[in-house]
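Q: Input: one structure, supplied below.
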Amino acid sequence: MKTIRVLLVEDDPMVREVNRQFIERVDGFEVIDMAPNGIKGIEKMKELSPDLVLMDIFMPEQDGVETLRQIRHQNLEVDCISVTAANDIQTIQQILHLGVYDYIMKPFTFERMEQTLLNYRVFKEKMGSVEDVTQQELDEIMGQTKQTNPEPELEKPLSQELPKGFNRATLAKVLQYLKQSDSGVSADDVAAGIGVARVTARRYLDYMEKSQMIHVDIQYGSVGRPVNQYFLT
């Protein structure tokens with residue numbers, strides 16, 4: 001497996017180091033250098049030709065949005081993931097329009113970073129293994145569903161009125177995470193996988209169980225408390 005070479009662009013030295021440690025815990029990834037702002041980041045992209053750039057948005061001298069514009073304007077062949085505290089819709093839309101592979105909000109867990117990197121590695125491997133593709137093959141590479149029509153018994157609750165305090169987008173994320181799992185998942189798994197608090201994940205899972213979207217098995221280990229494992233119905 002070819003090692004994916006990563007450039008970190010982040011102005012906070014402590015955050016840079018945490019991000020570096022997270023990235024290098026994932027097999028097949030190597031941080032080749034770091035830059036404190038977008039200007040230095042562009043220079044290192046031209047010098048080192050990384051495969052992937054993980055970049056903050058709020059930085060001095062040149063922020064992440066302008067840096068993404070420069071990357072596209074100069075046709076630099078590099079993929080980008082935004083890792084930022086920016087959570088306003090206007091900024092998010094700007095960044096998505098500039099073609100980032102993913103958008104990770106601070107604070108985040110190692111598991112959230114790991115999942116993005118693993119998905120990216122699969123994406124790169126598939127893109128590098130073909131020259132021409134069918135629509136179905138492209139859908140698989142891009143992570144699109146193979147189904148033309150959604151599963152009615154699973155999608156129906158997404159169109160129904162939700163209890164007070166519930167968010168339809170979060171429910172969809174929990175459902176999608178469960179769909180991607182080959183086995184049961186715990187509330188901790190869901191929380192880490194979609195980037196929410198454990199108590200939030202548990203609320204949505206409880207609601208989904210009552211709505212008969214999922215079922216629960218209690219698993220007992222040799223020590224400690226039993227763990228609820230959730231499965232799609």
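Every chain in the structure tokens has a letter given in the order shown (A, B, ...), and although residue numbers restart at 1 in each chain, ligands are simply numbered from 1 in the order shown.
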Need the shell around A:Gly184: protein/DNA/RNA residues with any atom at most 7 Å away, counting only C-alpha atoms. Skip same-chain ones fewer than 4 positions apart. Format as a list in words?
A: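 Once the nearby chain positions are removed, what remains is Gln229, Tyr230 and Phe231 of chain A.
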Q: Please report as CSV every residue of stretch 11-47 of chain A lying within 12 Å of stretch 105-116 of chain A, along with the nearest atom pair and their distance in Å (one decimal), using only C-alpha atoms.
A:
```
residue,atom,partner,partner_atom,distance
A:Val15,CA,A:Lys106,CA,10.0
A:Val18,CA,A:Phe110,CA,9.6
A:Asn19,CA,A:Met113,CA,8.8
A:Arg20,CA,A:Met113,CA,11.0
A:Gln21,CA,A:Phe110,CA,9.5
A:Phe22,CA,A:Phe110,CA,6.1
A:Ile23,CA,A:Glu114,CA,7.4
A:Glu24,CA,A:Glu114,CA,9.8
A:Arg25,CA,A:Glu114,CA,8.3
A:Val26,CA,A:Glu114,CA,6.4
A:Asp27,CA,A:Glu114,CA,9.6
A:Gly28,CA,A:Glu114,CA,11.3
A:Phe29,CA,A:Glu114,CA,10.4
```
Q: Please dump the current selection as a PDB file, in the first residue's frame; keep N, CA and C atoms.
A:
```pdb
ATOM      1  N   VAL A  15      -2.233  22.396  18.397  1.00  0.00           N
ATOM      2  CA  VAL A  15      -3.201  21.706  17.543  1.00  0.00           C
ATOM      3  C   VAL A  15      -2.480  20.973  16.420  1.00  0.00           C
ATOM      4  N   VAL A  18      -1.174  17.724  17.875  1.00  0.00           N
ATOM      5  CA  VAL A  18      -2.248  16.753  18.095  1.00  0.00           C
ATOM      6  C   VAL A  18      -2.697  16.152  16.775  1.00  0.00           C
ATOM      7  N   ASN A  19      -2.889  17.002  15.772  1.00  0.00           N
ATOM      8  CA  ASN A  19      -3.300  16.506  14.458  1.00  0.00           C
ATOM      9  C   ASN A  19      -2.251  15.567  13.857  1.00  0.00           C
ATOM     10  N   ARG A  20      -0.981  15.923  14.031  1.00  0.00           N
ATOM     11  CA  ARG A  20       0.091  15.066  13.510  1.00  0.00           C
ATOM     12  C   ARG A  20       0.034  13.682  14.164  1.00  0.00           C
ATOM     13  N   GLN A  21      -0.136  13.659  15.494  1.00  0.00           N
ATOM     14  CA  GLN A  21      -0.194  12.382  16.198  1.00  0.00           C
ATOM     15  C   GLN A  21      -1.397  11.560  15.758  1.00  0.00           C
ATOM     16  N   PHE A  22      -2.552  12.212  15.582  1.00  0.00           N
ATOM     17  CA  PHE A  22      -3.747  11.512  15.116  1.00  0.00           C
ATOM     18  C   PHE A  22      -3.501  10.890  13.742  1.00  0.00           C
ATOM     19  N   ILE A  23      -2.953  11.683  12.824  1.00  0.00           N
ATOM     20  CA  ILE A  23      -2.757  11.204  11.456  1.00  0.00           C
ATOM     21  C   ILE A  23      -1.813  10.007  11.431  1.00  0.00           C
ATOM     22  N   GLU A  24      -0.727  10.103  12.177  1.00  0.00           N
ATOM     23  CA  GLU A  24       0.283   9.049  12.109  1.00  0.00           C
ATOM     24  C   GLU A  24      -0.095   7.810  12.922  1.00  0.00           C
ATOM     25  N   ARG A  25      -1.203   7.869  13.638  1.00  0.00           N
ATOM     26  CA  ARG A  25      -1.743   6.651  14.263  1.00  0.00           C
ATOM     27  C   ARG A  25      -2.488   5.789  13.250  1.00  0.00           C
ATOM     28  N   VAL A  26      -2.822   6.367  12.097  1.00  0.00           N
ATOM     29  CA  VAL A  26      -3.566   5.638  11.068  1.00  0.00           C
ATOM     30  C   VAL A  26      -2.572   5.033  10.087  1.00  0.00           C
ATOM     31  N   ASP A  27      -2.649   3.728   9.902  1.00  0.00           N
ATOM     32  CA  ASP A  27      -1.725   3.039   9.004  1.00  0.00           C
ATOM     33  C   ASP A  27      -1.793   3.614   7.591  1.00  0.00           C
ATOM     34  N   GLY A  28      -0.623   3.817   6.998  1.00  0.00           N
ATOM     35  CA  GLY A  28      -0.572   4.254   5.611  1.00  0.00           C
ATOM     36  C   GLY A  28      -0.540   5.750   5.416  1.00  0.00           C
ATOM     37  N   PHE A  29      -0.414   6.523   6.528  1.00  0.00           N
ATOM     38  CA  PHE A  29      -0.367   7.983   6.430  1.00  0.00           C
ATOM     39  C   PHE A  29       0.896   8.507   7.098  1.00  0.00           C
TER      40      PHE A  29
END
```
Q: Please, what distance in Å, to one decimal, runs between atom CA of A:Leu232 and atom CA of A:Ala197?
A: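 The value is 21.0 Å.
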Q: Of the residues A:His73, A:Arg5, A:Lys173, A:Arg203, which is the one nearest to A:Arg121, using only C-alpha atoms?
A: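 The closest residue to A:Arg121 is A:Arg5.
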Q: Might you pull out every residue within 12 Å of A:Glu47, with only C-alpha atoms counted and same-chain residues fewer than 6 positions away left off, and present them as JSON, numbers by chain?
A: {"A": [7, 32, 33, 40, 41, 76]}
Q: Tell me, in Å to one decimal, how far atom CA of A:Lys44 is from atom CA of A:Glu66.
A: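 Between these atoms lies a distance of 15.9 Å.
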Q: For the structure I just gave you, how does DSSP split stretch 19-57 of chain A - specifically, which residues are strand (DSSP E)? Reply as an NGL selection string.
A: :A and (29-35 or 52-55)
Q: Write the residues of the selection above to a file with all heavy atoms, as an mmCIF file, in the first residue's frame.
A:
```cif
data_model
loop_
_atom_site.group_PDB
_atom_site.id
_atom_site.type_symbol
_atom_site.label_atom_id
_atom_site.label_comp_id
_atom_site.auth_asym_id
_atom_site.auth_seq_id
_atom_site.Cartn_x
_atom_site.Cartn_y
_atom_site.Cartn_z
ATOM 1 N N PHE A 29 -0.414 6.523 6.528
ATOM 2 C CA PHE A 29 -0.367 7.983 6.430
ATOM 3 C C PHE A 29 0.896 8.507 7.098
ATOM 4 O O PHE A 29 1.307 8.023 8.145
ATOM 5 C CB PHE A 29 -1.600 8.619 7.087
ATOM 6 C CG PHE A 29 -2.859 8.443 6.303
ATOM 7 C CD1 PHE A 29 -3.597 7.270 6.417
ATOM 8 C CD2 PHE A 29 -3.308 9.421 5.439
ATOM 9 C CE1 PHE A 29 -4.760 7.086 5.688
ATOM 10 C CE2 PHE A 29 -4.466 9.255 4.709
ATOM 11 C CZ PHE A 29 -5.196 8.086 4.828
ATOM 12 N N GLU A 30 1.494 9.523 6.473
ATOM 13 C CA GLU A 30 2.719 10.123 6.996
ATOM 14 C C GLU A 30 2.634 11.642 6.847
ATOM 15 O O GLU A 30 2.322 12.152 5.762
ATOM 16 C CB GLU A 30 3.925 9.611 6.207
ATOM 17 C CG GLU A 30 5.233 10.286 6.575
ATOM 18 C CD GLU A 30 6.359 9.979 5.605
ATOM 19 O OE1 GLU A 30 6.099 9.346 4.555
ATOM 20 O OE2 GLU A 30 7.503 10.390 5.888
ATOM 21 N N VAL A 31 2.885 12.360 7.936
ATOM 22 C CA VAL A 31 2.946 13.820 7.879
ATOM 23 C C VAL A 31 4.346 14.204 7.412
ATOM 24 O O VAL A 31 5.340 13.947 8.101
ATOM 25 C CB VAL A 31 2.647 14.453 9.249
ATOM 26 C CG1 VAL A 31 2.821 15.977 9.182
ATOM 27 C CG2 VAL A 31 1.218 14.119 9.686
ATOM 28 N N ILE A 32 4.440 14.820 6.234
ATOM 29 C CA ILE A 32 5.747 15.134 5.664
ATOM 30 C C ILE A 32 6.245 16.523 6.059
ATOM 31 O O ILE A 32 7.439 16.793 6.014
ATOM 32 C CB ILE A 32 5.738 15.000 4.127
ATOM 33 C CG1 ILE A 32 4.674 15.918 3.511
ATOM 34 C CG2 ILE A 32 5.522 13.553 3.722
ATOM 35 C CD1 ILE A 32 4.750 15.999 2.001
ATOM 36 N N ASP A 33 5.317 17.409 6.457
ATOM 37 C CA ASP A 33 5.729 18.752 6.887
ATOM 38 C C ASP A 33 4.509 19.479 7.438
ATOM 39 O O ASP A 33 3.362 18.994 7.309
ATOM 40 C CB ASP A 33 6.337 19.547 5.737
ATOM 41 C CG ASP A 33 7.376 20.563 6.230
ATOM 42 O OD1 ASP A 33 7.335 20.910 7.435
ATOM 43 O OD2 ASP A 33 8.212 20.995 5.423
ATOM 44 N N MET A 34 4.778 20.646 8.045
ATOM 45 C CA MET A 34 3.702 21.460 8.613
ATOM 46 C C MET A 34 3.946 22.920 8.264
ATOM 47 O O MET A 34 5.094 23.339 8.084
ATOM 48 C CB MET A 34 3.629 21.256 10.132
ATOM 49 C CG MET A 34 3.280 19.833 10.535
ATOM 50 S SD MET A 34 3.127 19.585 12.325
ATOM 51 C CE MET A 34 4.849 19.400 12.790
ATOM 52 N N ALA A 35 2.854 23.698 8.179
ATOM 53 C CA ALA A 35 2.962 25.117 7.846
ATOM 54 C C ALA A 35 2.018 25.912 8.750
ATOM 55 O O ALA A 35 0.936 25.434 9.093
ATOM 56 C CB ALA A 35 2.608 25.355 6.380
ATOM 57 N N LEU A 52 -2.231 14.895 0.234
ATOM 58 C CA LEU A 52 -3.368 15.398 1.005
ATOM 59 C C LEU A 52 -2.922 16.547 1.891
ATOM 60 O O LEU A 52 -1.828 16.512 2.468
ATOM 61 C CB LEU A 52 -3.932 14.259 1.870
ATOM 62 C CG LEU A 52 -5.093 14.573 2.809
ATOM 63 C CD1 LEU A 52 -6.339 14.970 2.019
ATOM 64 C CD2 LEU A 52 -5.390 13.369 3.699
ATOM 65 N N VAL A 53 -3.778 17.569 1.998
ATOM 66 C CA VAL A 53 -3.535 18.696 2.904
ATOM 67 C C VAL A 53 -4.661 18.750 3.929
ATOM 68 O O VAL A 53 -5.839 18.746 3.554
ATOM 69 C CB VAL A 53 -3.473 20.033 2.132
ATOM 70 C CG1 VAL A 53 -3.411 21.210 3.097
ATOM 71 C CG2 VAL A 53 -2.278 20.053 1.202
ATOM 72 N N LEU A 54 -4.307 18.759 5.206
ATOM 73 C CA LEU A 54 -5.270 19.027 6.271
ATOM 74 C C LEU A 54 -5.061 20.458 6.713
ATOM 75 O O LEU A 54 -3.971 20.821 7.177
ATOM 76 C CB LEU A 54 -5.072 18.067 7.454
ATOM 77 C CG LEU A 54 -5.977 16.840 7.443
ATOM 78 C CD1 LEU A 54 -5.519 15.867 6.376
ATOM 79 C CD2 LEU A 54 -6.002 16.165 8.798
ATOM 80 N N MET A 55 -6.110 21.275 6.579
ATOM 81 C CA MET A 55 -5.912 22.716 6.730
ATOM 82 C C MET A 55 -6.982 23.365 7.599
ATOM 83 O O MET A 55 -8.177 23.105 7.453
ATOM 84 C CB MET A 55 -5.891 23.377 5.349
ATOM 85 C CG MET A 55 -5.632 24.865 5.373
ATOM 86 S SD MET A 55 -5.145 25.479 3.743
ATOM 87 C CE MET A 55 -6.507 24.917 2.728
#
```
Q: As JSON, numbers by chain, list the residues of stretch 34-88 of chain A assigned to alpha helix (DSSP H) by DSSP on the backbone atoms of this structure.
A: {"A": [38, 39, 40, 41, 42, 43, 44, 45, 46, 47, 48, 64, 65, 66, 67, 68, 69, 70, 71, 72, 73]}
Q: Any chance you could export the current selection's C-alpha atoms as a PDB file, in the first residue's frame?
A:
```pdb
ATOM      1  CA  GLY A  38      -1.795  29.512   3.923  1.00  0.00           C
ATOM      2  CA  ILE A  39       1.104  31.373   2.323  1.00  0.00           C
ATOM      3  CA  LYS A  40       3.676  28.958   3.730  1.00  0.00           C
ATOM      4  CA  GLY A  41       1.276  26.119   2.990  1.00  0.00           C
ATOM      5  CA  ILE A  42       1.137  26.940  -0.732  1.00  0.00           C
ATOM      6  CA  GLU A  43       4.946  27.158  -0.843  1.00  0.00           C
ATOM      7  CA  LYS A  44       5.281  23.697   0.733  1.00  0.00           C
ATOM      8  CA  MET A  45       2.626  22.214  -1.555  1.00  0.00           C
ATOM      9  CA  LYS A  46       4.647  23.336  -4.585  1.00  0.00           C
ATOM     10  CA  GLU A  47       7.905  22.128  -3.033  1.00  0.00           C
ATOM     11  CA  LEU A  48       6.780  18.760  -1.639  1.00  0.00           C
ATOM     12  CA  GLY A  64      -7.935  28.618   4.619  1.00  0.00           C
ATOM     13  CA  VAL A  65     -10.655  29.892   2.277  1.00  0.00           C
ATOM     14  CA  GLU A  66      -8.229  32.054   0.298  1.00  0.00           C
ATOM     15  CA  THR A  67      -5.682  29.243   0.322  1.00  0.00           C
ATOM     16  CA  LEU A  68      -8.227  26.854  -1.174  1.00  0.00           C
ATOM     17  CA  ARG A  69      -8.957  29.440  -3.875  1.00  0.00           C
ATOM     18  CA  GLN A  70      -5.234  29.665  -4.633  1.00  0.00           C
ATOM     19  CA  ILE A  71      -4.928  25.872  -4.799  1.00  0.00           C
ATOM     20  CA  ARG A  72      -7.723  25.712  -7.391  1.00  0.00           C
ATOM     21  CA  HIS A  73      -6.549  28.806  -9.296  1.00  0.00           C
TER      22      HIS A  73
END
```
Q: With distances taken over only C-alpha atoms, which residue among A:Ala191, A:Val185, A:Ala201, A:Ile92 lies nearest A:Ile218?
A: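 For A:Ile218, the nearest of the candidates is A:Val185.
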Q: Could you name the residues that touch A:Val199 at 12 Å or less, counting only C-alpha atoms, but leaving out those on the same chain fewer than 5 positions away, as number ranges by chain?
A: A: 186-192, 204-206
Q: For A:Asp12, find every residue with an atom within 10 Å (counting only C-alpha atoms), except residues of its own chain fewer than 6 positions away, and show them as a PyMOL selection string.
A: chain A and resi 35-37+56+59
Q: Given only C-alpha atoms as the basis, pick out the residue of A:Leu175, A:Ile194, A:Val78, A:Val227 nearest to A:Met213.
A: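 Using only C-alpha atoms, the shortest distance to A:Met213 belongs to A:Leu175.
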